[in-house]
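*Asks:* For reference, the file entry-v1.csv (CSV, C-alpha atoms) is included below:
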chain,number,residue,atom,x,y,z
A,1,MET,CA,95.6,115.1,86.1
A,2,SER,CA,93.3,112.8,84.2
A,3,ASP,CA,96.1,110.3,83.5
A,4,ASN,CA,97.1,110.0,87.2
A,5,ILE,CA,95.7,107.2,89.3
A,6,THR,CA,96.7,106.1,92.8
A,7,LEU,CA,96.5,102.4,93.4
A,8,ALA,CA,97.1,100.8,96.8
A,9,MET,CA,97.0,97.2,97.8
A,10,THR,CA,96.3,96.1,101.4
A,11,GLY,CA,96.5,92.6,102.9
A,12,ALA,CA,93.1,91.2,102.0
A,13,SER,CA,92.9,88.0,99.9
A,14,GLY,CA,92.5,88.8,96.3
A,15,ALA,CA,95.9,90.1,95.4
A,16,ILE,CA,95.3,89.0,91.8
A,17,TYR,CA,92.8,91.8,91.4
A,18,GLY,CA,95.3,94.5,92.4
A,19,ILE,CA,98.1,93.1,90.2
A,20,ARG,CA,95.8,92.8,87.2
A,21,LEU,CA,94.5,96.3,87.7
A,22,LEU,CA,98.1,97.7,87.9
A,23,GLU,CA,98.8,95.9,84.6
A,24,GLN,CA,95.7,97.3,82.9
A,25,LEU,CA,96.3,100.9,84.1
A,26,LEU,CA,99.8,100.8,82.7
A,27,LEU,CA,98.7,99.3,79.4
A,28,ALA,CA,96.1,102.1,79.2
A,29,GLY,CA,98.9,104.6,79.4
A,30,LYS,CA,98.0,105.9,82.8
A,31,THR,CA,100.5,107.3,85.3
A,32,VAL,CA,100.2,105.1,88.4
A,33,HIS,CA,101.1,106.1,92.0
A,34,PHE,CA,101.5,102.7,93.7
A,35,LEU,CA,101.5,101.7,97.3
A,36,LEU,CA,101.7,98.3,99.1
A,37,SER,CA,101.1,97.5,102.7
A,38,LYS,CA,103.3,95.0,104.4
A,39,PRO,CA,100.5,92.4,104.7
A,40,ALA,CA,99.8,92.9,101.0
A,41,ARG,CA,103.3,91.7,100.2
A,42,LEU,CA,102.7,88.6,102.2
A,43,VAL,CA,99.4,87.9,100.5
A,44,ILE,CA,101.0,88.5,97.1
A,45,LYS,CA,103.6,85.9,97.9
A,46,MET,CA,101.1,83.4,99.3
A,47,GLU,CA,98.5,83.7,96.5
A,48,LEU,CA,100.6,84.6,93.4
A,49,GLY,CA,104.1,83.3,94.3
A,50,LEU,CA,105.6,86.7,93.7
A,51,SER,CA,108.4,88.0,95.9
A,52,LEU,CA,108.4,91.8,95.8
A,53,PRO,CA,111.2,94.0,97.1
A,54,SER,CA,110.6,95.9,100.3
A,55,ARG,CA,112.2,99.1,99.2
A,56,ALA,CA,110.1,101.4,97.0
A,57,LYS,CA,113.0,102.1,94.6
A,58,ASP,CA,113.7,98.4,94.0
A,59,LEU,CA,110.0,97.6,93.6
A,60,LYS,CA,109.6,100.3,91.0
A,61,ALA,CA,112.6,99.0,89.0
A,62,GLN,CA,111.2,95.4,89.1
A,63,LEU,CA,107.7,96.5,88.0
A,64,VAL,CA,109.0,98.9,85.3
A,65,GLU,CA,110.9,95.9,83.8
A,66,GLN,CA,108.1,93.4,84.3
A,67,TYR,CA,105.5,95.6,82.5
A,68,ALA,CA,107.9,97.2,80.1
A,69,THR,CA,106.5,100.7,81.0
A,70,GLN,CA,108.2,104.1,81.0
A,71,THR,CA,109.9,105.0,84.2
A,72,GLU,CA,107.9,108.2,84.6
A,73,ARG,CA,104.6,106.3,84.3
A,74,LEU,CA,105.1,104.5,87.6
A,75,HIS,CA,105.7,106.1,91.0
A,76,VAL,CA,106.2,103.8,94.0
A,77,TYR,CA,106.1,105.0,97.6
A,78,ASP,CA,107.0,103.7,101.1
A,79,LEU,CA,104.1,103.8,103.6
A,80,GLU,CA,105.9,106.4,105.7
A,81,GLN,CA,106.9,108.6,102.8
A,82,TRP,CA,104.9,111.6,104.0
A,83,THR,CA,106.6,113.9,101.4
A,84,ALA,CA,104.9,111.9,98.6
A,85,PRO,CA,102.7,114.1,96.4
A,86,ILE,CA,99.6,111.9,97.1
A,87,ALA,CA,99.8,112.9,100.8
A,88,SER,CA,98.7,116.5,99.9
A,89,GLY,CA,95.5,118.0,98.7
A,90,SER,CA,97.4,119.4,95.7
A,91,SER,CA,98.0,115.8,94.5
A,92,VAL,CA,97.7,115.3,90.7
A,93,SER,CA,95.9,112.0,91.1
A,94,ARG,CA,92.3,112.3,89.9
A,95,ALA,CA,91.3,109.0,91.6
A,96,MET,CA,92.4,106.4,94.1
A,97,VAL,CA,91.7,102.7,94.2
A,98,ILE,CA,92.4,100.4,97.1
A,99,CYS,CA,92.3,96.9,95.7
A,100,PRO,CA,92.0,94.7,97.6
A,101,CYS,CA,90.9,96.7,100.7
A,102,THR,CA,90.9,95.1,104.1
A,103,SER,CA,88.2,95.7,106.7
A,104,GLY,CA,90.9,97.3,108.8
A,105,SER,CA,91.8,99.8,106.1
A,106,LEU,CA,88.1,100.5,105.6
A,107,ALA,CA,87.7,101.2,109.3
A,108,SER,CA,90.7,103.5,109.5
A,109,ILE,CA,89.7,105.5,106.4
A,110,ALA,CA,86.1,105.8,107.7
A,111,ASN,CA,87.4,107.3,110.9
A,112,GLY,CA,90.0,109.6,109.3
A,113,LEU,CA,93.0,108.0,111.1
A,114,SER,CA,95.6,108.6,108.4
A,115,ARG,CA,98.2,106.3,110.1
A,116,ASN,CA,100.1,105.6,106.9
A,117,LEU,CA,100.4,106.9,103.4
A,118,ILE,CA,97.6,104.7,102.1
A,119,GLU,CA,95.1,106.0,104.6
A,120,ARG,CA,96.3,109.6,104.2
A,121,ALA,CA,96.0,109.4,100.4
A,122,ALA,CA,92.5,108.1,100.8
A,123,ASP,CA,91.6,110.8,103.3
A,124,VAL,CA,92.9,113.4,100.8
A,125,SER,CA,90.8,111.9,98.1
A,126,LEU,CA,87.7,112.3,100.2
A,127,LYS,CA,88.4,115.8,101.4
A,128,GLU,CA,89.2,117.0,97.9
A,129,ARG,CA,86.1,115.3,96.5
A,130,LYS,CA,88.1,113.1,94.2
A,131,GLN,CA,87.1,109.6,93.3
A,132,LEU,CA,87.9,106.9,95.9
A,133,ILE,CA,87.1,103.3,95.1
A,134,LEU,CA,87.4,100.6,97.8
A,135,VAL,CA,87.5,97.0,96.6
A,136,HIS,CA,86.5,95.2,99.7
A,137,ARG,CA,87.0,91.5,99.8
A,138,GLU,CA,85.6,89.8,103.0
A,139,THR,CA,82.6,87.8,103.8
A,140,PRO,CA,80.4,87.7,105.8
A,141,LEU,CA,80.1,91.3,106.8
A,142,SER,CA,79.5,92.4,110.4
A,143,PRO,CA,77.4,95.5,111.4
A,144,ILE,CA,80.7,97.3,112.0
A,145,HIS,CA,81.8,96.6,108.4
A,146,LEU,CA,78.5,97.7,107.0
A,147,GLN,CA,78.4,100.9,109.1
A,148,ASN,CA,82.0,101.8,107.9
A,149,MET,CA,80.9,101.2,104.3
A,150,LEU,CA,77.8,103.4,104.8
A,151,THR,CA,80.0,106.2,106.4
A,152,LEU,CA,82.4,106.1,103.4
A,153,SER,CA,79.6,105.9,100.8
A,154,GLN,CA,78.0,109.0,102.4
A,155,ALA,CA,81.4,110.7,102.3
A,156,GLY,CA,81.6,110.1,98.5
A,157,ALA,CA,83.6,106.8,98.2
A,158,VAL,CA,82.5,104.0,95.9
A,159,ILE,CA,82.3,100.6,97.7
A,160,LEU,CA,83.0,98.1,95.0
A,161,PRO,CA,83.1,94.6,96.5
A,162,ALA,CA,85.2,92.0,94.7
A,163,SER,CA,82.2,90.1,93.6
A,164,PRO,CA,82.9,88.3,90.3
A,165,ALA,CA,80.2,87.9,87.6
A,166,PHE,CA,79.6,84.6,85.8
A,167,TYR,CA,77.2,85.5,83.0
A,168,ASN,CA,80.1,85.5,80.5
A,169,GLN,CA,80.9,81.9,81.5
A,170,PRO,CA,84.5,82.5,82.5
A,171,LYS,CA,86.9,79.6,81.8
A,172,THR,CA,90.0,80.6,83.8
A,173,ILE,CA,90.9,82.4,87.1
A,174,GLN,CA,91.9,85.4,85.0
A,175,ASP,CA,88.5,85.5,83.3
A,176,VAL,CA,86.9,85.6,86.7
A,177,THR,CA,89.3,88.3,87.9
A,178,ASP,CA,88.7,90.4,84.9
A,179,THR,CA,85.0,90.7,85.7
A,180,VAL,CA,85.9,92.7,88.8
A,181,VAL,CA,88.8,94.6,87.2
A,182,ALA,CA,86.6,95.6,84.3
A,183,ARG,CA,84.1,97.2,86.7
A,184,ILE,CA,86.8,99.2,88.4
A,185,LEU,CA,88.1,100.5,85.0
A,186,ASP,CA,84.5,101.4,84.1
A,187,HIS,CA,84.2,103.5,87.2
A,188,LEU,CA,87.5,105.1,86.4
A,189,THR,CA,86.2,105.8,82.8
A,190,ILE,CA,89.1,104.0,81.3
A,191,GLU,CA,88.5,102.1,78.1
A,192,HIS,CA,89.3,98.3,78.1
A,193,GLN,CA,88.6,95.1,76.2
A,194,LEU,CA,88.6,92.7,79.2
A,195,LEU,CA,85.1,91.3,78.6
A,196,PRO,CA,82.0,91.9,76.6
A,197,ARG,CA,79.3,94.1,78.2
A,198,TRP,CA,76.0,92.8,79.2
A,199,GLY,CA,73.7,92.4,76.2
A,200,GLU,CA,76.5,93.5,73.8
A,201,HIS,CA,76.0,90.3,71.7
A,202,ALA,CA,72.2,90.0,72.2
A,203,GLU,CA,70.2,89.2,69.1
Could you quickly redo this structure as structure tokens?
*Replies:*
Amino acid sequence: MSDNITLAMTGASGAIYGIRLLEQLLLAGKTVHFLLSKPARLVIKMELGLSLPSRAKDLKAQLVEQYATQTERLHVYDLEQWTAPIASGSSVSRAMVICPCTSGSLASIANGLSRNLIERAADVSLKERKQLILVHRETPLSPIHLQNMLTLSQAGAVILPASPAFYNQPKTIQDVTDTVVARILDHLTIEHQLLPRWGEHAE
């Protein structure tokens, strides 16, 4: 169970965070259960220039080849695939990350709607007291957003906004991206070498 992580991407800006996280999870030898919303595919195309297949089977084949990972290390599901293991409380995933997470997804999860597999898997994570990390990326925040965040935080979720750090003087977009991805990996207790820790090189 400790090697299983569910990763979902929704249609907020910041697709680079989710794609970089997927890469790092696979590099760390984790088994990833991967979900994409339809708007996420559009944002990935707009922001990263990547055209991803619509069928889960085809998407898995493309990602397995792209990241040179073992087939059994990556499971990709359609949003209406209710027979997927992550739809049940007996799921083997120890944690779920939604990166990036839209305000709409935030609201649906906060209210337990479970309208698709992403929302259902998140609901399962909460009810089973497993780790749920929501990487929200929107600004400014309305009282509705803040209330939904409070509701989820009180239910046990980690609200981890995509707020890059700059103390390491990043030089590239990937450097900036890694400041957020590193924080996610830290919360998942997954070792990484993405950036030095605060004070690590202090004299």
*Asks:* Report, in Å to a single decimal, how far apart CA of Ala28 in chain A and CA of Lys171 in chain A are.
*Replies:*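 That distance, rounded to one decimal, is 24.4 Å.
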*Asks:* Quote the spacing between CA of Leu188 in chain A and CA of Gln81 in chain A in Å to one decimal place.
*Replies:*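 For CA of Leu188 in chain A relative to CA of Gln81 in chain A, the distance reads 25.6 Å.
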*Asks:* Pick out the residues sitting within 12 Å of Gln174 in chain A, and hand them over as an MDAnalysis selection string; count all atoms listed in the file, and ignore anything fewer than 3 positions along from it in its own chain.
*Replies:* chainID A and resid 14 16:17 19:21 164 170:171 177:182 194:195
*Asks:* Please report the interatomic distance between CA of Ile118 in chain A and CA of Phe34 in chain A in Å with one decimal.
*Replies:*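 Atom-to-atom, CA of Ile118 in chain A and CA of Phe34 in chain A are spaced 9.5 Å apart.
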*Asks:* Skip range 1-10 of chain A itself and residues of its chain fewer than 3 positions away, then list as a count of residues only all residues within 9 Å of it, counting only C-alpha atoms.
*Replies:* 39
*Asks:* Show which residues sit within 12 Å of Leu59 in chain A, as a PyMOL selection string. Count only C-alpha atoms, and ignore same-chain residues fewer than 6 positions away.
*Replies:* chain A and resi 34-36+41+50-53+65-66+71+74-78
*Asks:* Identify the residues within 9 Å of coordinate (79.8, 87.3, 82.4) (same frame as the file), considering all atoms listed in the file, and give the answer as a ChimeraX atom specification.
*Replies:* /A:164-170,175-176,179,195-198
*Asks:* Smallest atom-to-atom distance to Arg129 in chain A: which of A:Asn116, A:Gln154, A:Asn111, A:Thr172, using only C-alpha atoms?
*Replies:*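 Among the listed residues, the smallest separation from Arg129 in chain A belongs to A:Gln154.
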*Asks:* Return the padded bounding box of range 174-178 of chain A as lines of an AutoDock Vina configuration file: axis-aligned, built from all atoms listed in the file, 4 Å added on each side, with centre and edge lengths in Å to one decimal.
*Replies:*
center_x = 89.4
center_y = 87.9
center_z = 85.6
size_x = 13.0
size_y = 13.0
size_z = 12.6
*Asks:* Pick from A:Ala12, A:Ala87, A:Met46, A:Leu27: nearest to Gln193 in chain A, with only C-alpha atoms counted?
*Replies:*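 Nearest to Gln193 in chain A: A:Leu27.
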*Asks:* Here is a test: counting all atoms listed in the file, which residue of A:Ser125, A:Ser103, A:Ser108, A:Ser88 is nearest to Leu146 in chain A?
*Replies:*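 Smallest separation from Leu146 in chain A among the options: A:Ser103.
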*Asks:* (85.9, 97.4, 109.4) in this file's frame - what residues fall within 6 Å of it? Use all atoms listed in the file and give the answer as a list of chain:residue names.
*Replies:*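 Residues with an atom close enough to that point: A:Ser103, A:Gly104, A:Leu106, A:Ala107, A:Ile144, A:His145.
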